[in-house]
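These notes are about the structure you will find just below.
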Amino acid sequence: MERVHNFNAGPGVLPEEVLLEAQADLFNYKGMGLSVMEMSHRSKEYEAIIYGARDNIKKIYGLGDDYDVIFMQGGATLQFLTVPMNFCPDDKIANYINTGVWATKAFKEAKKLGKKAHLAASSEDEKFSYIPKQWTLSENPAYLHITNNNTIYGTEWHTDPVVPAGIPLIADMSSNFMSKPIDIQKYSLVYAGAQKNVGPAGAVVVIIKKDMLERINPNVPTILNYKTHVDAESMSNTPPCWSIYIIGLVMKWIESMGGLEKIHANNIAKAKYIYDAIDNSNGFFKGTVKPEARSLMNITFRLPSEELEDKFIKEAKANGMIGLKGHRDVGGCRASTYNALPLKACHDLSVFMADFQKNNG
Ligand SMILES: *Cc1c(COP(=O)(O)O)cnc(C)c1O
């Protein structure tokens, strides 16, 4: 059976090479007579898997000993709570830039925890269609939190915000993690739910600068304390073994593709097919965000009516292209073009868009 063109926003498409390798190893991992799901996480074979995945993440991003990479659970959503719990003491103020649904949730979670939280900037005034260029930090900021790619609205930070020295920059990179070269050195903490771009749901990759460990509130419960996971090298309790194994395979795949520069160039070419289809449609397809803020990972657009949007999504599906419905909070259409989505899928979608317009415009 042919595989579909999978434009799902998350869980998203994984590389075919990775799926096939996992399939080959599933029943009998490297002749051990059992699968990765069934082996002890304390075995030396599993240690090779988890440390290999971790070390490859560091290698791909060019990180040195001043950073740790850990795997956690609870999705990116649990990080919304874990970040302020660890890094916002009562005498400081957590700062957030609000660029969409996930950023709003992160901000609200800090407040729910009883922390002082400040909105340094927001693009809500224009339906989150842009990335703010300016922000005002509160006095005594604990950190600045941004959402690097806005999965639902379809905007992306294309430059990293500059923060005054000594103020940690923290980013939710769930939906553009490993999609382009980025200078992680500018960030003190980065987290990403695996299921958008690097693996199955169940694991969150956290990159943490070592000097952050000194800032952690010691009263944070053990399992939510980043130091627990750094000290135990992600094995304080049973990690999401299978998910981390796949992340490891995806890291090897990224290297085999030529690393992040190549991945990025490919992502640009992929997104261009679809943005061009939008821009060349004389307004039949309308992008929902400012061109300079367009995401390379989640491309959002509208058609002239909701009826046409429903028809578009249905006919696309009949043509082997799935996952084009926009998030339920915003409607419209969205094509997610994560790393593993082949160029051909974006080409085929752009052709389908032009045909659809011809027949319905
Ligand atoms: C999907 C997503 C989340 C939520 O991730 P979960 O793993 O489901 O908790 C948070 N932030 C961003 C940017 C996302 O795309």
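Chain lettering (A, B, ...) mirrors the order of the structure tokens, residue numbering begins at 1 for each chain separately, and ligand numbering begins at 1 in order of display.
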
Practice task
Could you tell me, as a VMD selection string, which residues of segment 93-247 of chain A DSSP assigns to helix (DSSP H, G or I) when given the backbone?
Solution key: chain A and resid 101 to 112 124 to 126 184 to 186 210 to 215 222 to 224 226 to 231 241 to 247

Deliver the residues from the most recent selection as a file, using N, CA, C and O atoms, as a compact mmCIF listing (two decimals), in the first residue's frame.
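See again10.txt below for the written result:
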# COMPACT_ATOMS: atom_id res chain seq x y z
N VAL A 101 -1.83 30.17 20.77
CA VAL A 101 -2.53 29.30 21.71
C VAL A 101 -1.57 28.68 22.74
O VAL A 101 -1.81 28.72 23.95
N TRP A 102 -0.45 28.14 22.25
CA TRP A 102 0.45 27.45 23.19
C TRP A 102 1.15 28.44 24.10
O TRP A 102 1.36 28.18 25.29
N ALA A 103 1.51 29.59 23.55
CA ALA A 103 2.17 30.62 24.37
C ALA A 103 1.22 31.12 25.46
O ALA A 103 1.62 31.34 26.60
N THR A 104 -0.06 31.27 25.10
CA THR A 104 -1.06 31.70 26.07
C THR A 104 -1.16 30.68 27.20
O THR A 104 -1.24 31.04 28.38
N LYS A 105 -1.14 29.41 26.82
CA LYS A 105 -1.25 28.36 27.84
C LYS A 105 -0.04 28.38 28.78
O LYS A 105 -0.18 28.18 29.98
N ALA A 106 1.14 28.60 28.20
CA ALA A 106 2.35 28.64 29.03
C ALA A 106 2.26 29.78 30.04
O ALA A 106 2.56 29.61 31.23
N PHE A 107 1.83 30.94 29.58
CA PHE A 107 1.69 32.12 30.43
C PHE A 107 0.68 31.86 31.55
O PHE A 107 0.93 32.13 32.73
N LYS A 108 -0.46 31.30 31.17
CA LYS A 108 -1.53 31.06 32.16
C LYS A 108 -1.08 30.07 33.23
O LYS A 108 -1.45 30.18 34.39
N GLU A 109 -0.29 29.12 32.82
CA GLU A 109 0.14 28.09 33.76
C GLU A 109 1.04 28.69 34.85
O GLU A 109 0.96 28.30 36.01
N ALA A 110 1.88 29.63 34.45
CA ALA A 110 2.74 30.29 35.43
C ALA A 110 1.88 31.02 36.46
O ALA A 110 2.15 30.97 37.67
N LYS A 111 0.84 31.67 35.97
CA LYS A 111 -0.03 32.40 36.89
C LYS A 111 -0.81 31.46 37.80
O LYS A 111 -0.99 31.73 38.98
N LYS A 112 -1.26 30.35 37.23
CA LYS A 112 -2.00 29.36 38.02
C LYS A 112 -1.18 28.85 39.19
O LYS A 112 -1.69 28.52 40.25
N GLU A 124 -1.68 39.25 19.96
CA GLU A 124 -3.11 38.91 19.98
C GLU A 124 -3.95 40.00 19.30
O GLU A 124 -5.01 39.70 18.74
N ASP A 125 -3.46 41.26 19.34
CA ASP A 125 -4.23 42.36 18.74
C ASP A 125 -4.50 42.15 17.25
O ASP A 125 -5.47 42.67 16.71
N GLU A 126 -3.66 41.38 16.58
CA GLU A 126 -3.90 41.09 15.16
C GLU A 126 -3.97 39.59 14.93
O GLU A 126 -3.32 39.04 14.04
N ILE A 184 21.68 27.61 19.67
CA ILE A 184 21.11 27.23 20.97
C ILE A 184 21.81 27.98 22.11
O ILE A 184 21.24 28.19 23.17
N GLN A 185 23.06 28.41 21.84
CA GLN A 185 23.82 29.14 22.88
C GLN A 185 23.07 30.39 23.36
O GLN A 185 23.34 30.89 24.44
N LYS A 186 22.14 30.89 22.55
CA LYS A 186 21.39 32.07 22.98
C LYS A 186 20.30 31.72 23.97
O LYS A 186 19.67 32.59 24.56
N LYS A 210 23.86 24.36 31.73
CA LYS A 210 24.23 23.86 33.07
C LYS A 210 24.08 24.91 34.17
O LYS A 210 23.69 24.59 35.29
N ASP A 211 24.37 26.18 33.82
CA ASP A 211 24.30 27.19 34.89
C ASP A 211 22.87 27.41 35.40
O ASP A 211 22.66 28.02 36.44
N MET A 212 21.88 26.91 34.66
CA MET A 212 20.49 27.03 35.12
C MET A 212 20.22 26.15 36.34
O MET A 212 19.31 26.42 37.13
N LEU A 213 21.01 25.10 36.47
CA LEU A 213 20.75 24.15 37.56
C LEU A 213 20.90 24.81 38.93
O LEU A 213 20.22 24.44 39.89
N GLU A 214 21.77 25.83 38.98
CA GLU A 214 21.98 26.52 40.26
C GLU A 214 20.78 27.37 40.64
O GLU A 214 20.62 27.75 41.79
N ARG A 215 19.95 27.69 39.65
CA ARG A 215 18.82 28.59 39.93
C ARG A 215 17.58 27.84 40.41
O ARG A 215 16.59 28.46 40.78
N THR A 222 10.46 16.10 43.25
CA THR A 222 11.57 15.39 42.60
C THR A 222 11.39 15.20 41.10
O THR A 222 12.28 15.51 40.31
N ILE A 223 10.25 14.69 40.69
CA ILE A 223 10.08 14.30 39.30
C ILE A 223 9.95 15.53 38.38
O ILE A 223 10.16 15.44 37.17
N LEU A 224 9.62 16.68 38.96
CA LEU A 224 9.49 17.90 38.15
C LEU A 224 10.74 18.77 38.22
O LEU A 224 10.79 19.84 37.62
N TYR A 226 14.33 19.69 37.21
CA TYR A 226 15.23 19.38 36.09
C TYR A 226 16.51 18.70 36.55
O TYR A 226 17.08 17.88 35.85
N LYS A 227 16.96 19.09 37.75
CA LYS A 227 18.22 18.54 38.24
C LYS A 227 18.13 17.02 38.43
O LYS A 227 19.11 16.30 38.20
N THR A 228 16.97 16.55 38.83
CA THR A 228 16.76 15.10 38.98
C THR A 228 17.13 14.39 37.68
O THR A 228 17.83 13.38 37.67
N HIS A 229 16.62 14.93 36.58
CA HIS A 229 16.79 14.27 35.28
C HIS A 229 18.20 14.46 34.73
O HIS A 229 18.73 13.56 34.06
N VAL A 230 18.79 15.61 35.03
CA VAL A 230 20.17 15.82 34.60
C VAL A 230 21.09 14.88 35.37
O VAL A 230 21.91 14.16 34.79
N ASP A 231 20.92 14.83 36.70
CA ASP A 231 21.79 13.98 37.54
C ASP A 231 21.66 12.51 37.17
O ASP A 231 22.64 11.77 37.18
N CYS A 241 10.95 4.63 26.75
CA CYS A 241 12.04 3.94 26.04
C CYS A 241 11.86 3.91 24.52
O CYS A 241 12.80 4.20 23.77
N TRP A 242 10.68 3.54 24.10
CA TRP A 242 10.43 3.39 22.66
C TRP A 242 10.54 4.74 21.95
O TRP A 242 11.16 4.87 20.90
N SER A 243 9.93 5.75 22.56
CA SER A 243 9.93 7.07 21.96
C SER A 243 11.36 7.60 21.80
O SER A 243 11.74 8.13 20.75
N ILE A 244 12.18 7.38 22.82
CA ILE A 244 13.57 7.84 22.76
C ILE A 244 14.36 7.05 21.71
O ILE A 244 15.20 7.61 21.00
N TYR A 245 14.06 5.78 21.59
CA TYR A 245 14.70 4.95 20.56
C TYR A 245 14.43 5.52 19.17
O TYR A 245 15.34 5.68 18.35
N ILE A 246 13.17 5.89 18.92
CA ILE A 246 12.83 6.45 17.60
C ILE A 246 13.50 7.81 17.42
O ILE A 246 14.02 8.13 16.34
N ILE A 247 13.52 8.62 18.48
CA ILE A 247 14.22 9.92 18.38
C ILE A 247 15.67 9.67 17.96
O ILE A 247 16.21 10.37 17.10

Practice task
Would you mind listing the residues within 9 Å of ligand 1, counting only C-alpha atoms and all ligand atoms, as a ChimeraX atom specification?
Solution key: /A:9-11,73-80,100-103,105-106,147-152,172-176,191-196,201-204

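With atom CA of Asn6 of chain A on one side and atom CA of Arg54 of chain A on the other, the separation reads 27.2 Å.
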
Practice task
Taking the DSSP assignment computed from this structure's backbone, write out as an NGL selection string all residues of segment 41-263 of chain A that belong to strand (DSSP E).
Solution key: :A and (67-72 or 93-98 or 116-122 or 141-147 or 149-150 or 155-156 or 169-172 or 189-193 or 204-209)

What are the nearest atom pairs, with distances in Å to one decimal, for all residues of segment 13-131 of chain A that come at most 12 Å from segment 284-293 of chain A, using only C-alpha atoms, set out by chain and rising residue number as a Markdown table?
| residue | atom | partner | partner_atom | distance |
| --- | --- | --- | --- | --- |
| A:Thr99 | CA | A:Ala293 | CA | 10.9 |
| A:Gly100 | CA | A:Val289 | CA | 11.9 |
| A:Ser123 | CA | A:Val289 | CA | 11.0 |
| A:Glu126 | CA | A:Val289 | CA | 9.3 |
| A:Lys127 | CA | A:Val289 | CA | 8.7 |
| A:Phe128 | CA | A:Val289 | CA | 7.8 |
| A:Ser129 | CA | A:Val289 | CA | 4.2 |
| A:Tyr130 | CA | A:Ala293 | CA | 5.5 |
| A:Ile131 | CA | A:Ala293 | CA | 6.1 |

Write a file of the just-selected residues containing N, CA and C atoms, as a PDB file, in the first residue's frame.
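That gives us part-v5.pdb:
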ATOM      1  N   THR A  99       2.394  34.619  21.491  1.00  0.00           N
ATOM      2  CA  THR A  99       2.259  34.566  20.034  1.00  0.00           C
ATOM      3  C   THR A  99       1.243  33.511  19.597  1.00  0.00           C
ATOM      4  N   GLY A 100       0.388  33.064  20.502  1.00  0.00           N
ATOM      5  CA  GLY A 100      -0.627  32.109  20.069  1.00  0.00           C
ATOM      6  C   GLY A 100      -1.130  31.211  21.176  1.00  0.00           C
ATOM      7  N   SER A 123       0.949  39.347  20.230  1.00  0.00           N
ATOM      8  CA  SER A 123       0.443  39.659  18.889  1.00  0.00           C
ATOM      9  C   SER A 123      -1.048  39.336  18.792  1.00  0.00           C
ATOM     10  N   GLU A 126      -3.657  41.378  16.581  1.00  0.00           N
ATOM     11  CA  GLU A 126      -3.899  41.093  15.159  1.00  0.00           C
ATOM     12  C   GLU A 126      -3.975  39.588  14.925  1.00  0.00           C
ATOM     13  N   LYS A 127      -4.771  38.953  15.765  1.00  0.00           N
ATOM     14  CA  LYS A 127      -5.037  37.512  15.646  1.00  0.00           C
ATOM     15  C   LYS A 127      -3.761  36.686  15.519  1.00  0.00           C
ATOM     16  N   PHE A 128      -2.768  37.074  16.227  1.00  0.00           N
ATOM     17  CA  PHE A 128      -1.507  36.312  16.270  1.00  0.00           C
ATOM     18  C   PHE A 128      -0.916  36.081  14.878  1.00  0.00           C
ATOM     19  N   SER A 129      -1.043  37.102  14.025  1.00  0.00           N
ATOM     20  CA  SER A 129      -0.588  36.939  12.635  1.00  0.00           C
ATOM     21  C   SER A 129       0.841  37.424  12.441  1.00  0.00           C
ATOM     22  N   TYR A 130       1.491  37.846  13.516  1.00  0.00           N
ATOM     23  CA  TYR A 130       2.870  38.330  13.387  1.00  0.00           C
ATOM     24  C   TYR A 130       3.674  37.978  14.635  1.00  0.00           C
ATOM     25  N   ILE A 131       4.974  38.194  14.539  1.00  0.00           N
ATOM     26  CA  ILE A 131       5.872  37.998  15.680  1.00  0.00           C
ATOM     27  C   ILE A 131       6.276  39.393  16.175  1.00  0.00           C
TER      28      ILE A 131
END

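Taking atom CA of Asn86 of chain A and atom CA of Ile216 of chain A as the two end points, the separation is 4.9 Å.
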
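Coordinates place atom CA of Tyr143 of chain A at a distance of 7.7 Å from atom CA of Ile93 of chain A.
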
List the spatial neighbours of Leu260 of chain A as a PDB file with N, CA, C and O atoms, in the first residue's frame - criterion: any atom at most 10 Å away, only C-alpha atoms, same-chain residues fewer than 6 positions off excluded.
ATOM      1  N   ILE A  60      24.409  17.447  16.690  1.00  0.00           N
ATOM      2  CA  ILE A  60      23.733  18.124  15.572  1.00  0.00           C
ATOM      3  C   ILE A  60      23.610  19.623  15.845  1.00  0.00           C
ATOM      4  O   ILE A  60      23.769  20.442  14.953  1.00  0.00           O
ATOM      5  N   TYR A  61      23.336  19.978  17.088  1.00  0.00           N
ATOM      6  CA  TYR A  61      23.230  21.400  17.437  1.00  0.00           C
ATOM      7  C   TYR A  61      24.573  22.020  17.825  1.00  0.00           C
ATOM      8  O   TYR A  61      24.641  23.194  18.179  1.00  0.00           O
ATOM      9  N   MET A 178      14.876  21.064  15.467  1.00  0.00           N
ATOM     10  CA  MET A 178      15.660  20.334  14.452  1.00  0.00           C
ATOM     11  C   MET A 178      15.214  20.620  13.015  1.00  0.00           C
ATOM     12  O   MET A 178      15.492  19.834  12.115  1.00  0.00           O
ATOM     13  N   SER A 179      14.541  21.746  12.813  1.00  0.00           N
ATOM     14  CA  SER A 179      14.085  22.049  11.449  1.00  0.00           C
ATOM     15  C   SER A 179      15.040  22.985  10.721  1.00  0.00           C
ATOM     16  O   SER A 179      14.900  23.213   9.530  1.00  0.00           O
ATOM     17  N   LYS A 180      16.003  23.559  11.456  1.00  0.00           N
ATOM     18  CA  LYS A 180      16.930  24.535  10.869  1.00  0.00           C
ATOM     19  C   LYS A 180      18.105  24.719  11.821  1.00  0.00           C
ATOM     20  O   LYS A 180      17.983  24.409  13.011  1.00  0.00           O
ATOM     21  N   PRO A 181      19.213  25.243  11.306  1.00  0.00           N
ATOM     22  CA  PRO A 181      20.310  25.552  12.236  1.00  0.00           C
ATOM     23  C   PRO A 181      19.849  26.689  13.148  1.00  0.00           C
ATOM     24  O   PRO A 181      19.191  27.615  12.699  1.00  0.00           O
ATOM     25  N   ILE A 182      20.137  26.585  14.405  1.00  0.00           N
ATOM     26  CA  ILE A 182      19.784  27.671  15.329  1.00  0.00           C
ATOM     27  C   ILE A 182      20.858  27.713  16.407  1.00  0.00           C
ATOM     28  O   ILE A 182      21.402  26.666  16.778  1.00  0.00           O
ATOM     29  N   ILE A 254      18.697  12.541  10.345  1.00  0.00           N
ATOM     30  CA  ILE A 254      19.055  13.948  10.085  1.00  0.00           C
ATOM     31  C   ILE A 254      20.517  14.038   9.646  1.00  0.00           C
ATOM     32  O   ILE A 254      20.851  14.744   8.693  1.00  0.00           O
ATOM     33  N   ASN A 266      15.873  22.096   2.451  1.00  0.00           N
ATOM     34  CA  ASN A 266      14.761  21.258   1.988  1.00  0.00           C
ATOM     35  C   ASN A 266      13.418  21.810   2.488  1.00  0.00           C
ATOM     36  O   ASN A 266      12.441  21.881   1.739  1.00  0.00           O
ATOM     37  N   ASN A 339      10.019  18.012   8.922  1.00  0.00           N
ATOM     38  CA  ASN A 339      11.236  17.495   8.264  1.00  0.00           C
ATOM     39  C   ASN A 339      10.993  16.272   7.381  1.00  0.00           C
ATOM     40  O   ASN A 339      11.527  16.176   6.279  1.00  0.00           O
TER      41      ASN A 339
END

Problem - Pick from A:Asp355, A:Asp348, A:Glu255, A:Glu156 nearest to Val4 of chain A, counting only C-alpha atoms - result: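 Residue with the minimum atom-to-atom distance to Val4 of chain A: A:Asp348.
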
Practice task
Write out as a VMD selection string each polymer residue whose atoms come within 7 Å of Tyr67 of chain A, counting only C-alpha atoms; drop sequence neighbours fewer than 6 positions from it.
Solution key: chain A and resid 207 to 210

Saved selection, atoms kept: all heavy atoms, as a PDB file, in the first residue's frame:
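Result saved to selection02.pdb:
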ATOM      1  N   ILE A 207      16.745  20.792  26.405  1.00  0.00           N
ATOM      2  CA  ILE A 207      18.154  21.210  26.371  1.00  0.00           C
ATOM      3  C   ILE A 207      18.305  22.284  27.440  1.00  0.00           C
ATOM      4  O   ILE A 207      17.576  23.277  27.428  1.00  0.00           O
ATOM      5  CB  ILE A 207      18.542  21.777  24.991  1.00  0.00           C
ATOM      6  CG1 ILE A 207      18.301  20.741  23.891  1.00  0.00           C
ATOM      7  CG2 ILE A 207      20.002  22.228  24.992  1.00  0.00           C
ATOM      8  CD1 ILE A 207      18.619  21.248  22.483  1.00  0.00           C
ATOM      9  N   ILE A 208      19.208  22.054  28.337  1.00  0.00           N
ATOM     10  CA  ILE A 208      19.315  22.983  29.473  1.00  0.00           C
ATOM     11  C   ILE A 208      20.766  23.382  29.681  1.00  0.00           C
ATOM     12  O   ILE A 208      21.665  22.536  29.666  1.00  0.00           O
ATOM     13  CB  ILE A 208      18.685  22.345  30.746  1.00  0.00           C
ATOM     14  CG1 ILE A 208      18.729  23.315  31.926  1.00  0.00           C
ATOM     15  CG2 ILE A 208      19.321  21.023  31.117  1.00  0.00           C
ATOM     16  CD1 ILE A 208      17.862  22.856  33.099  1.00  0.00           C
ATOM     17  N   LYS A 209      20.958  24.678  29.837  1.00  0.00           N
ATOM     18  CA  LYS A 209      22.299  25.181  30.093  1.00  0.00           C
ATOM     19  C   LYS A 209      22.654  24.845  31.541  1.00  0.00           C
ATOM     20  O   LYS A 209      21.834  25.044  32.446  1.00  0.00           O
ATOM     21  CB  LYS A 209      22.329  26.695  29.856  1.00  0.00           C
ATOM     22  CG  LYS A 209      23.704  27.219  29.642  1.00  0.00           C
ATOM     23  CD  LYS A 209      23.700  28.645  29.124  1.00  0.00           C
ATOM     24  CE  LYS A 209      25.135  29.072  28.918  1.00  0.00           C
ATOM     25  NZ  LYS A 209      25.236  30.478  28.547  1.00  0.00           N
ATOM     26  N   LYS A 210      23.861  24.363  31.733  1.00  0.00           N
ATOM     27  CA  LYS A 210      24.229  23.858  33.074  1.00  0.00           C
ATOM     28  C   LYS A 210      24.084  24.912  34.166  1.00  0.00           C
ATOM     29  O   LYS A 210      23.688  24.592  35.286  1.00  0.00           O
ATOM     30  CB  LYS A 210      25.667  23.329  33.046  1.00  0.00           C
ATOM     31  CG  LYS A 210      25.774  21.935  32.435  1.00  0.00           C
ATOM     32  CD  LYS A 210      26.874  21.109  33.110  1.00  0.00           C
ATOM     33  CE  LYS A 210      26.791  19.651  32.702  1.00  0.00           C
ATOM     34  NZ  LYS A 210      27.562  19.318  31.508  1.00  0.00           N
TER      35      LYS A 210
END

Exercise for the section: Extract, using only C-alpha atoms, all DNA, RNA and protein residues at most 10 Å from Asp25 of chain A, discarding same-chain residues fewer than 6 positions from it, and format them as a PyMOL selection string. Expected result: chain A and resi 19+31-32+34-36

Practice task
May I ask which of the residues A:Leu169, A:Ala340, A:Tyr51, A:Thr155 is the closest one to Trp253 of chain A, counting only C-alpha atoms?
Solution key: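 Once distances to Trp253 of chain A are computed over only C-alpha atoms, the minimum belongs to A:Ala340.
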